[in-house]
Each structure stands twice: as structure tokens, then as C-alpha cells.
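File shown: query_6.txt. Contents: compact mmCIF, C-alpha atoms.
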# COMPACT_ATOMS: atom_id res chain seq x y z
CA LEU A 1 -42.96 -11.63 -9.51
CA SER A 2 -42.44 -12.94 -5.98
CA HIS A 3 -38.68 -12.61 -6.56
CA ALA A 4 -39.10 -8.96 -7.45
CA LEU A 5 -41.07 -8.38 -4.27
CA SER A 6 -38.61 -10.22 -1.99
CA PRO A 7 -36.56 -8.17 0.55
CA GLN A 8 -33.75 -6.00 -0.79
CA ALA A 9 -31.03 -8.25 0.53
CA ALA A 10 -32.01 -11.12 -1.74
CA MET A 11 -31.84 -9.05 -4.92
CA THR A 12 -28.56 -8.18 -6.61
CA LYS A 13 -27.57 -4.51 -6.83
CA LEU A 14 -28.12 -4.72 -10.58
CA GLY A 15 -31.57 -6.12 -9.91
CA GLN A 16 -32.36 -3.25 -7.55
CA TRP A 17 -31.24 -0.68 -10.11
CA LEU A 18 -33.31 -2.28 -12.87
CA CYS A 19 -36.37 -2.42 -10.61
CA GLY A 20 -35.91 1.19 -9.54
CA LEU A 21 -35.37 2.39 -13.09
CA ALA A 22 -38.35 0.38 -14.33
CA LEU A 23 -40.59 1.90 -11.66
CA LEU A 24 -39.46 5.47 -12.20
CA GLY A 25 -39.33 4.99 -15.96
CA SER A 26 -42.87 3.69 -16.22
CA ALA A 27 -44.18 6.43 -13.92
CA TRP A 28 -42.46 9.06 -16.06
CA ALA A 29 -43.69 7.50 -19.31
CA ALA A 30 -47.24 7.20 -18.02
CA LEU A 31 -47.35 10.88 -17.12
CA ALA A 32 -45.15 12.47 -19.78
CA LEU A 33 -46.14 10.37 -22.78
CA ALA A 34 -49.82 9.94 -21.96
CA PRO A 35 -52.38 10.19 -24.80
CA PRO A 36 -54.18 13.58 -25.12
CA GLY A 37 -57.17 12.55 -23.05
CA LEU A 38 -55.17 11.57 -19.97
CA GLN A 39 -52.41 14.18 -20.02
CA PRO A 40 -51.51 16.09 -16.83
CA PRO A 41 -51.67 19.93 -17.02
CA ALA A 42 -49.28 21.60 -19.52
CA PRO A 43 -46.74 23.12 -17.05
CA LEU A 44 -46.32 19.75 -15.34
CA ARG A 45 -45.84 18.05 -18.67
CA GLN A 46 -43.23 20.62 -19.71
CA ALA A 47 -41.22 19.99 -16.58
CA LEU A 48 -41.64 16.23 -16.75
CA LEU A 49 -40.45 15.62 -20.29
CA PRO A 50 -36.81 16.65 -19.92
CA LEU A 51 -36.63 15.42 -16.28
CA PRO A 52 -34.57 12.27 -16.97
CA VAL A 53 -31.91 14.30 -18.74
CA TYR A 54 -31.89 16.91 -15.98
CA LEU A 55 -31.49 14.21 -13.35
CA LEU A 56 -28.61 12.65 -15.28
CA VAL A 57 -26.85 15.99 -15.58
CA ALA A 58 -27.50 16.74 -11.91
CA PHE A 59 -26.03 13.37 -10.94
CA GLY A 60 -23.02 14.07 -13.15
CA CYS A 61 -22.44 17.39 -11.42
CA TYR A 62 -22.88 15.80 -8.00
CA SER A 63 -20.33 13.11 -8.89
CA LEU A 64 -17.75 15.62 -10.09
CA ALA A 65 -18.25 17.83 -7.05
CA THR A 66 -18.06 14.91 -4.62
CA VAL A 67 -14.97 13.33 -6.15
CA GLY A 68 -13.36 16.76 -6.44
CA TYR A 69 -14.06 17.54 -2.80
CA ARG A 70 -12.80 14.16 -1.63
CA LEU A 71 -9.68 14.55 -3.75
CA ALA A 72 -8.99 17.96 -2.27
CA THR A 73 -9.45 16.74 1.29
CA PHE A 74 -7.48 13.53 0.85
CA ASN A 75 -5.14 13.57 3.85
CA ASP A 76 -1.41 13.53 3.24
CA CYS A 77 0.20 11.56 6.03
CA GLU A 78 3.49 13.40 6.33
CA GLU A 79 3.95 12.64 10.03
CA ALA A 80 3.15 8.98 9.50
CA ALA A 81 5.91 8.69 6.91
CA ALA A 82 8.42 10.50 9.13
CA GLU A 83 7.45 8.36 12.12
CA LEU A 84 7.88 5.23 10.03
CA GLN A 85 11.42 6.25 9.10
CA GLU A 86 12.24 6.68 12.78
CA HIS A 87 10.73 3.32 13.63
CA ILE A 88 12.67 1.65 10.84
CA ARG A 89 15.93 3.03 12.24
CA ALA A 90 15.09 1.84 15.75
CA ALA A 91 13.99 -1.55 14.43
CA ARG A 92 17.18 -2.11 12.43
CA ALA A 93 19.38 -1.21 15.38
CA ASP A 94 17.46 -3.40 17.81
CA LEU A 95 17.29 -6.36 15.44
CA ARG A 96 21.03 -6.19 14.87
CA ARG A 97 21.54 -6.30 18.63
CA ARG A 98 19.28 -9.31 18.84
CA GLY A 99 21.30 -11.19 16.29
CA LEU A 100 19.61 -10.61 12.96
CA ARG A 101 22.09 -10.96 10.12
CA LEU A 102 21.21 -9.96 6.59
CA MET B 1 -7.55 -26.25 16.77
CA ALA B 2 -8.49 -24.86 20.19
CA ALA B 3 -8.01 -21.15 20.73
CA ARG B 4 -5.71 -20.28 23.62
CA GLY B 5 -7.02 -17.38 25.72
CA PRO B 6 -9.80 -14.91 24.92
CA GLY B 7 -7.70 -12.17 23.42
CA ARG B 8 -5.06 -13.72 21.16
CA VAL B 9 -4.60 -12.03 17.83
CA SER B 10 -3.23 -13.96 14.84
CA VAL B 11 -1.59 -11.82 12.18
CA LEU B 12 -1.51 -13.29 8.69
CA LEU B 13 1.46 -12.03 6.66
CA PRO B 14 1.57 -13.27 3.10
CA THR B 15 4.99 -12.38 1.72
CA TYR B 16 6.71 -12.37 -1.63
CA ASN B 17 10.21 -10.90 -1.83
CA GLU B 18 9.94 -8.99 1.43
CA ARG B 19 13.41 -9.74 2.71
CA ASP B 20 14.00 -6.13 3.72
CA ASN B 21 10.58 -5.29 5.12
CA LEU B 22 9.68 -8.51 6.90
CA PRO B 23 11.99 -8.09 9.92
CA LEU B 24 10.84 -4.49 10.31
CA VAL B 25 7.15 -5.40 10.20
CA VAL B 26 7.67 -8.24 12.67
CA TRP B 27 9.66 -5.97 15.00
CA LEU B 28 6.88 -3.35 14.88
CA LEU B 29 4.20 -5.96 15.49
CA ALA B 30 6.07 -7.49 18.42
CA ARG B 31 6.66 -4.04 19.90
CA THR B 32 3.04 -2.95 19.45
CA PHE B 33 1.62 -6.11 20.97
CA GLY B 34 4.18 -6.08 23.76
CA ASP B 35 3.44 -2.46 24.66
CA SER B 36 -0.31 -3.07 24.75
CA GLY B 37 -0.12 -6.46 26.46
CA ILE B 38 -1.98 -8.28 23.72
CA ASP B 39 -1.25 -11.96 23.14
CA PHE B 40 -0.28 -12.57 19.54
CA GLU B 41 1.18 -14.83 16.90
CA ILE B 42 2.47 -13.95 13.44
CA ILE B 43 1.90 -16.44 10.64
CA ILE B 44 4.26 -15.82 7.74
CA ILE B 45 3.05 -17.33 4.48
CA ASP B 46 5.87 -16.98 2.02
CA ASP B 47 5.29 -18.07 -1.55
CA GLY B 48 8.75 -19.35 -2.33
CA SER B 49 10.46 -15.96 -2.50
CA PRO B 50 13.76 -16.14 -4.37
CA ASP B 51 15.29 -13.26 -2.42
CA GLY B 52 15.88 -15.04 0.87
CA THR B 53 12.73 -13.95 2.70
CA GLN B 54 12.37 -17.38 4.30
CA GLU B 55 15.95 -17.26 5.59
CA VAL B 56 15.18 -13.96 7.31
CA ALA B 57 11.91 -15.41 8.60
CA ARG B 58 13.82 -18.31 10.18
CA GLN B 59 16.10 -15.86 11.98
CA LEU B 60 13.05 -13.98 13.27
CA GLU B 61 11.62 -17.26 14.50
CA LYS B 62 14.80 -17.81 16.52
CA ILE B 63 14.70 -14.31 17.94
CA TYR B 64 11.02 -14.20 18.90
CA GLY B 65 10.26 -17.87 19.44
CA SER B 66 8.39 -20.38 17.34
CA ASP B 67 5.23 -19.87 19.38
CA LYS B 68 5.13 -16.26 18.19
CA ILE B 69 6.49 -16.62 14.67
CA LEU B 70 4.92 -19.39 12.64
CA LEU B 71 6.51 -20.10 9.30
CA ARG B 72 4.04 -21.72 6.95
CA PRO B 73 5.51 -21.24 3.48
CA ARG B 74 4.25 -22.46 0.12
CA ALA B 75 6.21 -23.63 -2.87
CA LYS B 76 5.27 -20.89 -5.32
CA LYS B 77 3.25 -17.73 -5.84
CA LEU B 78 -0.35 -18.86 -5.44
CA GLY B 79 -2.28 -15.69 -4.69
CA LEU B 80 -3.55 -13.77 -1.71
CA GLY B 81 -6.89 -15.52 -1.14
CA THR B 82 -5.36 -18.96 -0.90
CA ALA B 83 -2.57 -17.56 1.27
CA TYR B 84 -5.17 -16.44 3.81
CA ILE B 85 -6.94 -19.79 3.68
CA HIS B 86 -3.63 -21.57 4.15
CA GLY B 87 -2.53 -19.32 7.02
CA MET B 88 -5.86 -19.50 8.82
CA LYS B 89 -5.49 -23.25 9.25
CA PHE B 90 -2.68 -22.58 11.70
CA ALA B 91 -4.17 -19.61 13.49
CA THR B 92 -5.01 -20.17 17.15
CA GLY B 93 -6.24 -16.67 17.93
CA ASN B 94 -9.84 -15.50 18.17
CA PHE B 95 -9.08 -12.55 15.94
CA ILE B 96 -7.21 -12.46 12.69
CA VAL B 97 -5.47 -9.38 11.34
CA ILE B 98 -4.65 -9.19 7.68
CA MET B 99 -2.24 -6.53 6.51
CA ASP B 100 0.46 -5.79 3.97
CA ALA B 101 4.00 -6.84 4.84
CA ASP B 102 5.65 -3.93 3.03
CA LEU B 103 5.24 -1.36 5.84
CA SER B 104 2.41 0.48 4.08
CA HIS B 105 0.32 -0.60 7.08
CA HIS B 106 1.65 0.32 10.51
CA PRO B 107 0.97 -2.18 13.31
CA LYS B 108 0.28 0.71 15.70
CA PHE B 109 -3.32 0.73 14.45
CA ILE B 110 -4.01 -2.84 15.56
CA PRO B 111 -4.74 -1.95 19.22
CA GLU B 112 -7.19 0.65 17.85
CA PHE B 113 -8.84 -2.06 15.75
CA ILE B 114 -9.20 -4.18 18.86
CA ARG B 115 -10.60 -1.30 20.89
CA LYS B 116 -13.10 -0.55 18.12
CA GLN B 117 -14.09 -4.20 17.91
CA LYS B 118 -14.83 -4.31 21.65
CA GLU B 119 -16.72 -1.02 21.47
CA GLY B 120 -19.31 -2.27 19.01
CA ASN B 121 -18.73 -6.02 19.16
CA PHE B 122 -18.01 -5.86 15.44
CA ASP B 123 -17.40 -8.92 13.32
CA ILE B 124 -14.96 -6.98 11.17
CA VAL B 125 -12.95 -3.82 11.76
CA SER B 126 -11.73 -2.21 8.56
CA GLY B 127 -8.93 0.32 8.32
CA THR B 128 -10.03 3.22 6.14
CA ARG B 129 -7.91 5.76 4.28
CA TYR B 130 -10.92 7.84 3.34
CA LYS B 131 -12.51 8.86 6.63
CA GLY B 132 -11.53 10.80 9.73
CA ASN B 133 -7.81 11.43 9.81
CA GLY B 134 -7.09 8.45 7.62
CA GLY B 135 -4.98 9.18 4.56
CA VAL B 136 -2.12 8.29 2.28
CA TYR B 137 1.52 9.28 1.91
CA GLY B 138 3.42 9.05 -1.35
CA TRP B 139 0.62 9.38 -3.89
CA ASP B 140 0.54 12.05 -6.57
CA LEU B 141 -2.65 13.82 -7.64
CA LYS B 142 -3.37 11.36 -10.44
CA ARG B 143 -3.15 8.35 -8.15
CA LYS B 144 -5.38 10.03 -5.56
CA LEU B 145 -7.91 10.94 -8.23
CA ILE B 146 -8.09 7.38 -9.50
CA SER B 147 -8.47 6.15 -5.94
CA ARG B 148 -11.29 8.56 -5.05
CA GLY B 149 -12.98 8.08 -8.41
CA ALA B 150 -12.92 4.29 -8.13
CA ASN B 151 -14.16 4.46 -4.57
CA PHE B 152 -17.02 6.78 -5.55
CA LEU B 153 -18.09 4.42 -8.31
CA THR B 154 -17.96 1.52 -5.87
CA GLN B 155 -20.08 3.40 -3.32
CA VAL B 156 -22.71 4.28 -5.92
CA LEU B 157 -22.94 0.79 -7.38
CA LEU B 158 -22.53 -1.37 -4.29
CA ARG B 159 -23.64 0.87 -1.38
CA PRO B 160 -21.40 -1.27 0.82
CA GLY B 161 -21.71 0.50 4.17
CA ALA B 162 -17.93 0.84 4.46
CA SER B 163 -15.86 3.74 3.19
CA ASP B 164 -12.72 1.89 2.08
CA LEU B 165 -13.43 -1.25 0.12
CA THR B 166 -10.09 -1.95 -1.50
CA GLY B 167 -8.15 -1.57 1.74
CA SER B 168 -6.41 -4.67 3.06
CA PHE B 169 -5.72 -3.71 6.67
CA ARG B 170 -8.47 -5.40 8.65
CA LEU B 171 -9.32 -7.31 11.78
CA TYR B 172 -11.72 -10.22 11.49
CA ARG B 173 -13.27 -12.54 14.00
CA LYS B 174 -11.80 -15.91 13.12
CA GLU B 175 -15.15 -17.63 12.43
CA VAL B 176 -16.24 -14.70 10.29
CA LEU B 177 -13.12 -14.82 8.12
CA GLU B 178 -13.50 -18.57 7.71
CA LYS B 179 -17.10 -18.19 6.52
CA LEU B 180 -16.16 -15.37 4.13
CA MET B 181 -13.22 -17.20 2.59
CA GLU B 182 -15.56 -20.00 1.59
CA LYS B 183 -17.63 -17.56 -0.48
CA CYS B 184 -15.14 -15.14 -2.00
CA VAL B 185 -13.73 -15.94 -5.41
CA SER B 186 -12.30 -12.72 -6.86
CA LYS B 187 -8.66 -11.74 -7.16
CA GLY B 188 -6.60 -8.68 -6.28
CA TYR B 189 -8.38 -5.46 -5.25
CA VAL B 190 -11.74 -6.98 -6.02
CA PHE B 191 -11.12 -9.78 -3.53
CA GLN B 192 -10.90 -7.25 -0.68
CA MET B 193 -14.08 -5.60 -1.97
CA GLU B 194 -15.91 -8.89 -2.22
CA MET B 195 -15.10 -9.72 1.41
CA ILE B 196 -16.85 -6.58 2.64
CA VAL B 197 -19.81 -6.96 0.29
CA ARG B 198 -20.38 -10.60 1.24
CA ALA B 199 -19.91 -9.78 4.91
CA ARG B 200 -22.76 -7.30 4.69
CA GLN B 201 -24.87 -9.80 2.81
CA MET B 202 -24.34 -12.36 5.54
CA GLY B 203 -25.32 -9.85 8.19
CA PHE B 204 -21.88 -9.29 9.71
CA THR B 205 -21.18 -5.92 11.32
CA ILE B 206 -18.32 -3.72 10.20
CA GLY B 207 -16.58 -1.02 12.22
CA GLU B 208 -14.06 1.42 10.79
CA VAL B 209 -10.82 2.93 12.05
CA PRO B 210 -8.95 5.65 10.13
CA ILE B 211 -5.47 4.52 9.14
CA SER B 212 -2.53 6.04 7.33
CA PHE B 213 -1.20 4.20 4.29
CA VAL B 214 2.47 4.93 3.59
CA ASP B 215 3.21 3.95 0.02
CA ARG B 216 6.95 3.60 -0.55
CA VAL B 217 6.68 1.51 -3.72
CA TYR B 218 4.31 3.64 -5.78
CA GLY B 219 7.23 5.22 -7.61
CA GLU B 220 8.24 1.82 -8.95
CA SER B 221 4.83 0.30 -9.59
CA LYS B 222 2.51 2.76 -11.29
CA LEU B 223 -1.16 1.92 -11.45
CA GLY B 224 -1.50 0.61 -15.00
CA GLY B 225 -4.41 0.49 -17.43
CA ASN B 226 -4.59 -3.28 -16.93
CA GLU B 227 -5.27 -2.96 -13.24
CA ILE B 228 -7.95 -0.35 -13.82
CA VAL B 229 -9.67 -2.56 -16.38
CA SER B 230 -9.62 -5.60 -14.13
CA PHE B 231 -10.90 -3.49 -11.24
CA LEU B 232 -13.84 -2.31 -13.36
CA LYS B 233 -14.57 -5.84 -14.51
CA GLY B 234 -14.50 -7.05 -10.93
CA LEU B 235 -16.71 -4.19 -9.75
CA LEU B 236 -19.30 -4.87 -12.45
CA THR B 237 -19.24 -8.58 -11.61
CA LEU B 238 -19.94 -7.82 -7.95
CA PHE B 239 -22.65 -5.37 -9.03
CA ALA B 240 -24.35 -8.04 -11.07
CA THR B 241 -23.94 -10.97 -8.70
CA THR B 242 -24.35 -9.63 -5.16
Would you mind giving the structure from this file in C-alpha cells?
Amino acid sequence: LSHALSPQAAMTKLGQWLCGLALLGSAWAALALAPPGLQPPAPLRQALLPLPVYLLVAFGCYSLATVGYRLATFNDCEEAAAELQEHIRAARADLRRRGLRL
Amino acid sequence: MAARGPGRVSVLLPTYNERDNLPLVVWLLARTFGDSGIDFEIIIIDDGSPDGTQEVARQLEKIYGSDKILLRPRAKKLGLGTAYIHGMKFATGNFIVIMDADLSHHPKFIPEFIRKQKEGNFDIVSGTRYKGNGGVYGWDLKRKLISRGANFLTQVLLRPGASDLTGSFRLYRKEVLEKLMEKCVSKGYVFQMEMIVRARQMGFTIGEVPISFVDRVYGESKLGGNEIVSFLKGLLTLFATT
């Protein structure tokens, strides 16, 4: 138990995920799957039950949108490539002058 | 080995069959350092290249001097991690730059790394292709998608605090690199990722500088299913162990 309560840095990322999921999961189960006597009001229950699936779908959409955006804005370094070609020419000429033989 | 001067930069260049690119990279490094007045040395760690890379390296040593070009070859291909460890033994600078020797990384960014390091007193400065005006030349849509997708997955799972984890164009403080090399065990892309993740774990600070990555070999070496699988395995291992 003391390991689970130790600072974030000491826990692996997997450990953090499991802890987080366990916390959220048990909170959700306690509220959504509670026995009739302890149930929260009906509208809340209706929203709560499918929440995990909604969150998963929302995360899926977020992932697609983010990767799509980053793909679309991935810089194409045209000038860098052109500049490199120039530099290569200058380098070859200078190295030949300095005595480099291939 | 005592460091000479506060600002010397040691560049580690592991090479394998880089006969054509090595002289160009060295010329660009010498020119960049010369223009910006930065003291430097280049440590070439060749793993027994059959194409004459070491012969070219010897010529470069004659041209630039053996205090600037240090040839520290190995008998055969032994991997990147051990090449860094091997090269570091001979480094006399306070800062170590690791980069690719195939001209995908342009030395012109090194003074920017140094400036960034001074600005925030960072332990590591990492070149990033994914932020600012960083980017790539020579990748098709599929390659870019794989890159962004893999990076997104890495960010979600590892929350590393750096935007480009598989990049290999970085500046390290010498003591920091030494400490990291003791701990890192992965291979390939995952090795570069592990360095950043462990660095964060150990409390080291990381600054970023946008860089351009000019890929001239992508046409010949497509990113295969094998590499993707080993990347995923490595990522999950880091996820579960760090």
C-alpha cells in the first residue's frame, strides 16, 4: 500500500495507469452498479452507465484528430534540402583543394 | 581525463559505410565550429567499415589535425549504444553532441543547441522534428503518418516531456551522458527514447531546438514491419519498467 501511495516518480507508467483506472473504475462501479437502496438518481445513473464507452470513443476521436492535424502540419524542409546540396558542392570542392583523395 | 577549456564540444560520430558522407559531415562541422568560434573535437567511431571509411577518416585527420579528428575505430559492427560508450572515453569536452553521420542532421544547429543550453542551463538539448519550424525532407505521407502515430502513442504512454523521442541529434552535458549510458539498455530507436525517459526520471532538464531532418536514404531503406514491431515492443517495455 505504501508503494501505491509513493510519489509519482517512483511508480512505473504502467503502475500509474493501473492505479488511475482502478480508482476511476471503482468510483464508476460504486455509483453505476450500486444496489437499489444506494443508487444515485435515475438521470445520473443513465449518463454514468455508458460513460466508459463514451470516454473511449472520445479518446479515439481525439487521437485521430490530433495525429491527423500533426500529419497535415508536418513541415517539409525544402530549403534545408536545397541548402544541403549547395553545402555538399562547396564541401567537395574545398576538400579536394585541401588534398582529400577518394 | 581533464577537460580543456569551459566550452569544448565533443562530437561523437559512429560510422558504418559512410565513406561518401563522412568527409562532408566533418567539413560542415569544422566550418560551423570555426564560424562560431567554438572549440571542438570530432570522435569518429567506425565499426570496421568495408568500404574504406577509415581510409577517408585518416585523410581527414591529416587535413584537420589529430587534435580535432580522433579516430577510435572498433573491429566490427557492435551497435550504437556501445559506440557512444566507447567514444565518450576519449572525449575531452564538457558537452557531447551525438548525431547521424549521413547528413540527415546538419551541424548548423549545434550552435543553436549550445545557445539553448546556456539559456536554460539544460542538462540535455534535444533536436526536435515535431515542434516549431522543425521538420523532415524526403518522407512520403505513409512515413510521416507512421512517425506521427508512433510519436503520439509514445506521448500518451510515457508523457516524456519532450516532443521528439526517437530523434538522435542531441547535446548532452558530459557527466549527464555518462550517467545515462550506465542505465540504458535498449537498442535502436528505443535506445534514444530510453535516454530521454531515464533523464527525466533522474531529474535532468531537457531543452528543445527545432531541427530539419533531411532523409536521403529513405528511398532505399523503407520502414519495415520488423522495425515497427520492435519499436512497439520497446515502447511497451519502457511503459512497464519506467
Next on the checklist: Can you pull out the residues contacting stretch 51-54 of chain A? Cut-off 12 Å, using all atoms listed in the file, and skip same-chain residues under 6 positions away; I want them as a list in words.
Outcome noted: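 So, after excluding close chain neighbours, the residues are Leu21, Leu24, Gly25, Ser26, Ala27, Trp28, Ala29, Leu31, Ala32, Leu44, Arg45, Gly60 and Cys61 of chain A.
The chain A residues that come within 7 Å of chain B are A:Ala9, A:Thr12, A:Lys13, A:Leu14, A:Val67, A:Arg70, A:Leu71, A:Phe74, A:Asn75, A:Asp76, A:Cys77, A:Glu78, A:Ala80, A:Ala81, A:Ile88, A:Ala91, A:Arg98, A:Leu100, with all atoms listed in the file taken into account.
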Next on the checklist: Can you tell me which residues surround B:Val9 at a distance of at most 6 Å, considering all atoms listed in the file, apart from same-chain residues fewer than 3 positions away, and format the answer as a count of residues only?
Outcome noted: 4
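Proximity of B:Ile206, B:Leu177, B:Leu223, B:Leu80 to B:Ala162, computed with only C-alpha atoms, is greatest for B:Ile206.
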Checklist entry - atom CA of B:Met193 and atom CA of B:Met99 are how many Å apart? => result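 These two atoms are separated by 14.6 Å.
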Item to check | Atomic distance atom CA of B:Gly65 - atom CA of B:Ala30, expressed in Å with one decimal | outcome: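 So the answer is 11.2 Å.
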Checklist entry - atom CA of B:Tyr189 and atom CA of B:Arg8 are how many Å apart? => result 27.9 Å
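Candidate residues B:Ser10, B:Ser66, B:Thr32, B:Thr82 were compared for distance to B:Tyr172, and the nearest is B:Ser10, using only C-alpha atoms.
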Next on the checklist: Can you tell me which residues surround stretch 48-51 of chain B at a distance of at most 10 Å, considering all atoms listed in the file, apart from same-chain residues fewer than 2 positions away, and format the answer as a PyMOL selection string?
Outcome noted: chain B and resi 15-20+45-46+53-56+73-78
Next on the checklist: Which residue is closest to B:Ser126? Choose from B:Lys179, B:Arg58, B:Arg173, B:Arg72 and count all atoms listed in the file.
Outcome noted: B:Arg173
With 8 Å of padding per side, what axis-aligned box (centre and edge lengths, Å, one decimal) covers all the listed atoms of stretch 16-27 of chain A? Give it as lines of an AutoDock Vina configuration file.
center_x = -37.7
center_y = 1.6
center_z = -11.9
size_x = 28.9
size_y = 25.7
size_z = 24.7
